[in-house]
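Data from final_15.cif: mmCIF, N, CA and C atoms
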data_my_file
#
loop_
_atom_site.label_atom_id
_atom_site.label_comp_id
_atom_site.auth_asym_id
_atom_site.auth_seq_id
_atom_site.Cartn_x
_atom_site.Cartn_y
_atom_site.Cartn_z
N MET D 1 -6.02 -22.00 284.83
CA MET D 1 -5.98 -22.64 286.12
C MET D 1 -4.93 -23.74 286.05
N THR D 2 -4.29 -23.99 287.17
CA THR D 2 -3.33 -25.07 287.24
C THR D 2 -3.77 -26.05 288.31
N PHE D 3 -3.90 -27.32 287.92
CA PHE D 3 -4.25 -28.40 288.83
C PHE D 3 -3.06 -29.34 288.90
N LEU D 4 -2.29 -29.26 289.96
CA LEU D 4 -1.08 -30.05 290.14
C LEU D 4 -0.21 -29.93 288.89
N LEU D 5 -0.24 -30.91 288.01
CA LEU D 5 0.61 -30.90 286.82
C LEU D 5 -0.11 -30.47 285.55
N TYR D 6 -1.41 -30.15 285.64
CA TYR D 6 -2.20 -29.86 284.46
C TYR D 6 -2.63 -28.40 284.44
N LYS D 7 -2.56 -27.80 283.25
CA LYS D 7 -3.11 -26.46 283.06
C LYS D 7 -4.37 -26.60 282.24
N LYS D 8 -5.42 -25.92 282.68
CA LYS D 8 -6.71 -26.03 282.01
C LYS D 8 -7.33 -24.65 281.86
N ILE D 9 -8.31 -24.57 280.98
CA ILE D 9 -9.04 -23.34 280.76
C ILE D 9 -10.54 -23.65 280.79
N LYS D 10 -11.31 -22.73 281.33
CA LYS D 10 -12.76 -22.91 281.45
C LYS D 10 -13.44 -21.74 280.76
N ASP D 11 -14.32 -22.03 279.81
CA ASP D 11 -15.11 -21.00 279.13
C ASP D 11 -16.31 -20.69 280.00
N MET D 12 -16.37 -19.49 280.53
CA MET D 12 -17.47 -19.09 281.42
C MET D 12 -18.64 -18.46 280.67
N LYS D 13 -18.49 -18.21 279.37
CA LYS D 13 -19.55 -17.55 278.61
C LYS D 13 -20.92 -18.22 278.76
N PRO D 14 -21.02 -19.55 278.70
CA PRO D 14 -22.34 -20.17 278.82
C PRO D 14 -23.04 -19.91 280.17
N TYR D 15 -22.29 -19.54 281.17
CA TYR D 15 -22.85 -19.32 282.51
C TYR D 15 -23.35 -17.89 282.71
N LEU D 16 -22.88 -16.96 281.91
CA LEU D 16 -23.12 -15.54 282.17
C LEU D 16 -24.56 -15.10 282.07
N ASN D 17 -25.43 -15.90 281.50
CA ASN D 17 -26.85 -15.56 281.41
C ASN D 17 -27.70 -16.41 282.32
N LYS D 18 -27.08 -17.07 283.31
CA LYS D 18 -27.81 -18.00 284.17
C LYS D 18 -27.68 -17.63 285.64
N GLY D 19 -28.80 -17.57 286.32
CA GLY D 19 -28.86 -17.45 287.77
C GLY D 19 -27.88 -16.48 288.39
N VAL D 20 -27.18 -16.95 289.42
CA VAL D 20 -26.27 -16.08 290.18
C VAL D 20 -25.09 -15.60 289.35
N PHE D 21 -24.80 -16.28 288.25
CA PHE D 21 -23.65 -15.90 287.42
C PHE D 21 -23.92 -14.67 286.56
N LYS D 22 -25.17 -14.21 286.46
CA LYS D 22 -25.50 -13.04 285.64
C LYS D 22 -24.70 -11.81 286.04
N VAL D 23 -24.41 -11.66 287.34
CA VAL D 23 -23.66 -10.49 287.79
C VAL D 23 -22.25 -10.47 287.21
N LEU D 24 -21.76 -11.63 286.75
CA LEU D 24 -20.41 -11.71 286.19
C LEU D 24 -20.32 -11.09 284.80
N GLN D 25 -21.45 -10.65 284.25
CA GLN D 25 -21.43 -9.91 282.99
C GLN D 25 -20.71 -8.58 283.17
N ASP D 26 -20.71 -8.07 284.38
CA ASP D 26 -19.96 -6.85 284.71
C ASP D 26 -18.48 -7.22 284.78
N LYS D 27 -17.68 -6.67 283.88
CA LYS D 27 -16.26 -7.05 283.79
C LYS D 27 -15.49 -6.77 285.07
N THR D 28 -15.88 -5.73 285.79
CA THR D 28 -15.20 -5.42 287.05
C THR D 28 -15.41 -6.54 288.05
N ILE D 29 -16.64 -7.03 288.13
CA ILE D 29 -16.95 -8.14 289.04
C ILE D 29 -16.27 -9.41 288.54
N PHE D 30 -16.37 -9.70 287.25
CA PHE D 30 -15.75 -10.90 286.69
C PHE D 30 -14.25 -10.93 286.98
N ASN D 31 -13.59 -9.80 286.81
CA ASN D 31 -12.15 -9.72 287.01
C ASN D 31 -11.73 -9.73 288.47
N SER D 32 -12.70 -9.71 289.38
CA SER D 32 -12.38 -9.76 290.81
C SER D 32 -12.25 -11.20 291.31
N VAL D 33 -12.17 -12.16 290.41
CA VAL D 33 -12.07 -13.58 290.75
C VAL D 33 -10.90 -13.83 291.70
N GLU D 34 -11.11 -14.75 292.64
CA GLU D 34 -10.08 -15.14 293.60
C GLU D 34 -10.03 -16.65 293.72
N ILE D 35 -8.92 -17.16 294.19
CA ILE D 35 -8.81 -18.58 294.52
C ILE D 35 -9.20 -18.72 295.99
N VAL D 36 -10.23 -19.52 296.26
CA VAL D 36 -10.72 -19.72 297.62
C VAL D 36 -10.95 -21.21 297.83
N LEU D 37 -10.27 -21.77 298.80
CA LEU D 37 -10.44 -23.19 299.16
C LEU D 37 -10.33 -24.12 297.95
N GLY D 38 -9.38 -23.85 297.07
CA GLY D 38 -9.10 -24.73 295.94
C GLY D 38 -10.01 -24.55 294.74
N THR D 39 -10.76 -23.47 294.68
CA THR D 39 -11.61 -23.22 293.51
C THR D 39 -11.62 -21.73 293.22
N ILE D 40 -12.32 -21.32 292.16
CA ILE D 40 -12.44 -19.91 291.85
C ILE D 40 -13.72 -19.37 292.45
N ALA D 41 -13.67 -18.09 292.87
CA ALA D 41 -14.84 -17.49 293.51
C ALA D 41 -14.87 -15.99 293.25
N TRP D 42 -16.07 -15.49 293.21
CA TRP D 42 -16.35 -14.06 293.12
C TRP D 42 -17.23 -13.74 294.32
N GLY D 43 -16.64 -13.39 295.43
CA GLY D 43 -17.42 -13.15 296.65
C GLY D 43 -18.12 -14.42 297.08
N ASP D 44 -19.46 -14.38 297.11
CA ASP D 44 -20.26 -15.54 297.52
C ASP D 44 -20.52 -16.54 296.40
N ILE D 45 -20.11 -16.21 295.19
CA ILE D 45 -20.32 -17.08 294.03
C ILE D 45 -19.06 -17.90 293.80
N ASP D 46 -19.21 -19.22 293.73
CA ASP D 46 -18.04 -20.05 293.46
C ASP D 46 -18.42 -21.21 292.55
N MET D 47 -17.40 -21.91 292.11
CA MET D 47 -17.58 -23.08 291.24
C MET D 47 -17.18 -24.32 292.01
N CYS D 48 -17.89 -25.40 291.81
CA CYS D 48 -17.51 -26.68 292.40
C CYS D 48 -16.15 -27.07 291.80
N PRO D 49 -15.13 -27.30 292.63
CA PRO D 49 -13.81 -27.61 292.07
C PRO D 49 -13.78 -28.87 291.21
N ASP D 50 -14.54 -29.89 291.58
CA ASP D 50 -14.57 -31.12 290.76
C ASP D 50 -15.20 -30.85 289.40
N SER D 51 -16.30 -30.14 289.40
CA SER D 51 -16.98 -29.79 288.15
C SER D 51 -16.08 -28.90 287.29
N LEU D 52 -15.42 -27.96 287.93
CA LEU D 52 -14.52 -27.06 287.22
C LEU D 52 -13.42 -27.85 286.53
N TYR D 53 -12.83 -28.79 287.22
CA TYR D 53 -11.77 -29.61 286.65
C TYR D 53 -12.29 -30.46 285.49
N GLU D 54 -13.42 -31.14 285.72
CA GLU D 54 -13.96 -32.06 284.71
C GLU D 54 -14.43 -31.35 283.44
N SER D 55 -14.94 -30.13 283.58
CA SER D 55 -15.51 -29.45 282.42
C SER D 55 -14.53 -28.46 281.76
N SER D 56 -13.32 -28.38 282.25
CA SER D 56 -12.30 -27.53 281.66
C SER D 56 -11.51 -28.33 280.63
N ILE D 57 -10.87 -27.61 279.71
CA ILE D 57 -10.07 -28.28 278.70
C ILE D 57 -8.58 -28.08 278.97
N ASP D 58 -7.78 -29.06 278.63
CA ASP D 58 -6.34 -28.98 278.80
C ASP D 58 -5.76 -27.96 277.83
N ILE D 59 -4.73 -27.23 278.31
CA ILE D 59 -4.03 -26.29 277.45
C ILE D 59 -2.56 -26.60 277.46
#
Would you mind writing the file out in structure tokens?
Amino acid sequence: MTFLLYKKIKDMKPYLNKGVFKVLQDKTIFNSVEIVLGTIAWGDIDMCPDSLYESSIDI
């Protein structure tokens, strides 16, 4: 992901066994990720952009 001048990466593995994110275990669904309103989303599932930025690591 690129945030203005910063490139970051987010490990989604810890989320894949929790709640609505369980469907992302299907690689076809996981790979259908899109950028929507400044964050990542898989259909109706999305990440809070602030949380995504804060919990990602710089690359």
Residues of chain D in helix (DSSP H, G or I) according to DSSP, as a ChimeraX atom specification? /D:13-15,19-25,27-30,49-55
Selection near segment 34-40 of chain D, 8 Å with only N, CA and C atoms, sequence-local residues under 5 positions removed, as a PDB file with N, CA and C atoms, keeping the file's coordinate frame:
ATOM      1  N   ILE D  45     -20.110 -16.210 295.190  1.00  0.00           N
ATOM      2  CA  ILE D  45     -20.320 -17.080 294.030  1.00  0.00           C
ATOM      3  C   ILE D  45     -19.060 -17.900 293.800  1.00  0.00           C
ATOM      4  N   ASP D  46     -19.210 -19.220 293.730  1.00  0.00           N
ATOM      5  CA  ASP D  46     -18.040 -20.050 293.460  1.00  0.00           C
ATOM      6  C   ASP D  46     -18.420 -21.210 292.550  1.00  0.00           C
ATOM      7  N   MET D  47     -17.400 -21.910 292.110  1.00  0.00           N
ATOM      8  CA  MET D  47     -17.580 -23.080 291.240  1.00  0.00           C
ATOM      9  C   MET D  47     -17.180 -24.320 292.010  1.00  0.00           C
ATOM     10  N   CYS D  48     -17.890 -25.400 291.810  1.00  0.00           N
ATOM     11  CA  CYS D  48     -17.510 -26.680 292.400  1.00  0.00           C
ATOM     12  C   CYS D  48     -16.150 -27.070 291.800  1.00  0.00           C
ATOM     13  N   PRO D  49     -15.130 -27.300 292.630  1.00  0.00           N
ATOM     14  CA  PRO D  49     -13.810 -27.610 292.070  1.00  0.00           C
ATOM     15  C   PRO D  49     -13.780 -28.870 291.210  1.00  0.00           C
ATOM     16  N   ASP D  50     -14.540 -29.890 291.580  1.00  0.00           N
ATOM     17  CA  ASP D  50     -14.570 -31.120 290.760  1.00  0.00           C
ATOM     18  C   ASP D  50     -15.200 -30.850 289.400  1.00  0.00           C
ATOM     19  N   LEU D  52     -15.420 -27.960 287.930  1.00  0.00           N
ATOM     20  CA  LEU D  52     -14.520 -27.060 287.220  1.00  0.00           C
ATOM     21  C   LEU D  52     -13.420 -27.850 286.530  1.00  0.00           C
TER      22      LEU D  52
END
With only C-alpha atoms as the atoms that count, which of D:Asp44, D:Asp58, D:Tyr53, D:Ser32 lies nearest to Val20 of chain D?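 Looking only at the distances to Val20 of chain D, the closest residue turns out to be D:Asp44.
If you measure from each of D:Leu5, D:Phe30, D:Ile59, D:Pro14 to Trp42 of chain D using all atoms listed in the file, the closest one turns out to be D:Phe30.
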Distance atom CA of Val23 of chain D-atom CA of Lys8 of chain D, one decimal place?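 We find that atom CA of Val23 of chain D and atom CA of Lys8 of chain D lie 23.7 Å from each other.
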Kindly list the centre and edge lengths in Å, rounded to one decimal, for the axis-aligned box that covers all listed atoms of segment 37-44 of chain D plus 6 Å on each of its six sides, as AutoDock Vina command-line options.
--center_x -14.8 --center_y -18.9 --center_z 295.5 --size_x 23.4 --size_y 23.6 --size_z 19.3
Could you tell me how far atom CA of Ser56 of chain D sits from atom C of Lys10 of chain D, in Å to one decimal place? 6.0 Å
All strand (DSSP E or B) positions in chain D, as a ChimeraX atom specification: /D:2-3,6-9,34-36,39-42,45-46,57-58
At what distance in Å, to one decimal, does atom CA of Thr28 of chain D lie from atom CA of Glu54 of chain D?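 Distance reported for this atom pair: 26.8 Å.
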Counting only C-alpha atoms, the residue among D:Ile57, D:Gly43, D:Asn31, D:Leu24 that lies closest to Tyr6 of chain D is D:Ile57
Completion step: segment 27-53 of chain D with N, CA, C and O atoms as a compact mmCIF listing (two decimals), in the frame of the given file:
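The resulting result-v4.txt:
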# COMPACT_ATOMS: atom_id res chain seq x y z
N LYS D 27 -17.68 -6.67 283.88
CA LYS D 27 -16.26 -7.05 283.79
C LYS D 27 -15.49 -6.77 285.07
O LYS D 27 -14.57 -7.50 285.41
N THR D 28 -15.88 -5.73 285.79
CA THR D 28 -15.20 -5.42 287.05
C THR D 28 -15.41 -6.54 288.05
O THR D 28 -14.48 -6.98 288.72
N ILE D 29 -16.64 -7.03 288.13
CA ILE D 29 -16.95 -8.14 289.04
C ILE D 29 -16.27 -9.41 288.54
O ILE D 29 -15.64 -10.14 289.32
N PHE D 30 -16.37 -9.70 287.25
CA PHE D 30 -15.75 -10.90 286.69
C PHE D 30 -14.25 -10.93 286.98
O PHE D 30 -13.69 -11.95 287.37
N ASN D 31 -13.59 -9.80 286.81
CA ASN D 31 -12.15 -9.72 287.01
C ASN D 31 -11.73 -9.73 288.47
O ASN D 31 -10.54 -9.77 288.77
N SER D 32 -12.70 -9.71 289.38
CA SER D 32 -12.38 -9.76 290.81
C SER D 32 -12.25 -11.20 291.31
O SER D 32 -12.20 -11.44 292.52
N VAL D 33 -12.17 -12.16 290.41
CA VAL D 33 -12.07 -13.58 290.75
C VAL D 33 -10.90 -13.83 291.70
O VAL D 33 -9.86 -13.18 291.61
N GLU D 34 -11.11 -14.75 292.64
CA GLU D 34 -10.08 -15.14 293.60
C GLU D 34 -10.03 -16.65 293.72
O GLU D 34 -11.00 -17.33 293.38
N ILE D 35 -8.92 -17.16 294.19
CA ILE D 35 -8.81 -18.58 294.52
C ILE D 35 -9.20 -18.72 295.99
O ILE D 35 -8.61 -18.08 296.86
N VAL D 36 -10.23 -19.52 296.26
CA VAL D 36 -10.72 -19.72 297.62
C VAL D 36 -10.95 -21.21 297.83
O VAL D 36 -11.74 -21.83 297.10
N LEU D 37 -10.27 -21.77 298.80
CA LEU D 37 -10.44 -23.19 299.16
C LEU D 37 -10.33 -24.12 297.95
O LEU D 37 -11.12 -25.04 297.76
N GLY D 38 -9.38 -23.85 297.07
CA GLY D 38 -9.10 -24.73 295.94
C GLY D 38 -10.01 -24.55 294.74
O GLY D 38 -10.03 -25.40 293.84
N THR D 39 -10.76 -23.47 294.68
CA THR D 39 -11.61 -23.22 293.51
C THR D 39 -11.62 -21.73 293.22
O THR D 39 -10.99 -20.94 293.93
N ILE D 40 -12.32 -21.32 292.16
CA ILE D 40 -12.44 -19.91 291.85
C ILE D 40 -13.72 -19.37 292.45
O ILE D 40 -14.74 -20.07 292.52
N ALA D 41 -13.67 -18.09 292.87
CA ALA D 41 -14.84 -17.49 293.51
C ALA D 41 -14.87 -15.99 293.25
O ALA D 41 -13.83 -15.35 293.10
N TRP D 42 -16.07 -15.49 293.21
CA TRP D 42 -16.35 -14.06 293.12
C TRP D 42 -17.23 -13.74 294.32
O TRP D 42 -18.46 -13.85 294.24
N GLY D 43 -16.64 -13.39 295.43
CA GLY D 43 -17.42 -13.15 296.65
C GLY D 43 -18.12 -14.42 297.08
O GLY D 43 -17.48 -15.43 297.34
N ASP D 44 -19.46 -14.38 297.11
CA ASP D 44 -20.26 -15.54 297.52
C ASP D 44 -20.52 -16.54 296.40
O ASP D 44 -21.12 -17.58 296.62
N ILE D 45 -20.11 -16.21 295.19
CA ILE D 45 -20.32 -17.08 294.03
C ILE D 45 -19.06 -17.90 293.80
O ILE D 45 -17.97 -17.35 293.68
N ASP D 46 -19.21 -19.22 293.73
CA ASP D 46 -18.04 -20.05 293.46
C ASP D 46 -18.42 -21.21 292.55
O ASP D 46 -19.58 -21.42 292.26
N MET D 47 -17.40 -21.91 292.11
CA MET D 47 -17.58 -23.08 291.24
C MET D 47 -17.18 -24.32 292.01
O MET D 47 -16.19 -24.29 292.75
N CYS D 48 -17.89 -25.40 291.81
CA CYS D 48 -17.51 -26.68 292.40
C CYS D 48 -16.15 -27.07 291.80
O CYS D 48 -16.03 -27.16 290.57
N PRO D 49 -15.13 -27.30 292.63
CA PRO D 49 -13.81 -27.61 292.07
C PRO D 49 -13.78 -28.87 291.21
O PRO D 49 -13.07 -28.91 290.20
N ASP D 50 -14.54 -29.89 291.58
CA ASP D 50 -14.57 -31.12 290.76
C ASP D 50 -15.20 -30.85 289.40
O ASP D 50 -14.69 -31.29 288.37
N SER D 51 -16.30 -30.14 289.40
CA SER D 51 -16.98 -29.79 288.15
C SER D 51 -16.08 -28.90 287.29
O SER D 51 -16.00 -29.07 286.07
N LEU D 52 -15.42 -27.96 287.93
CA LEU D 52 -14.52 -27.06 287.22
C LEU D 52 -13.42 -27.85 286.53
O LEU D 52 -13.13 -27.63 285.36
N TYR D 53 -12.83 -28.79 287.22
CA TYR D 53 -11.77 -29.61 286.65
C TYR D 53 -12.29 -30.46 285.49
O TYR D 53 -11.71 -30.51 284.41
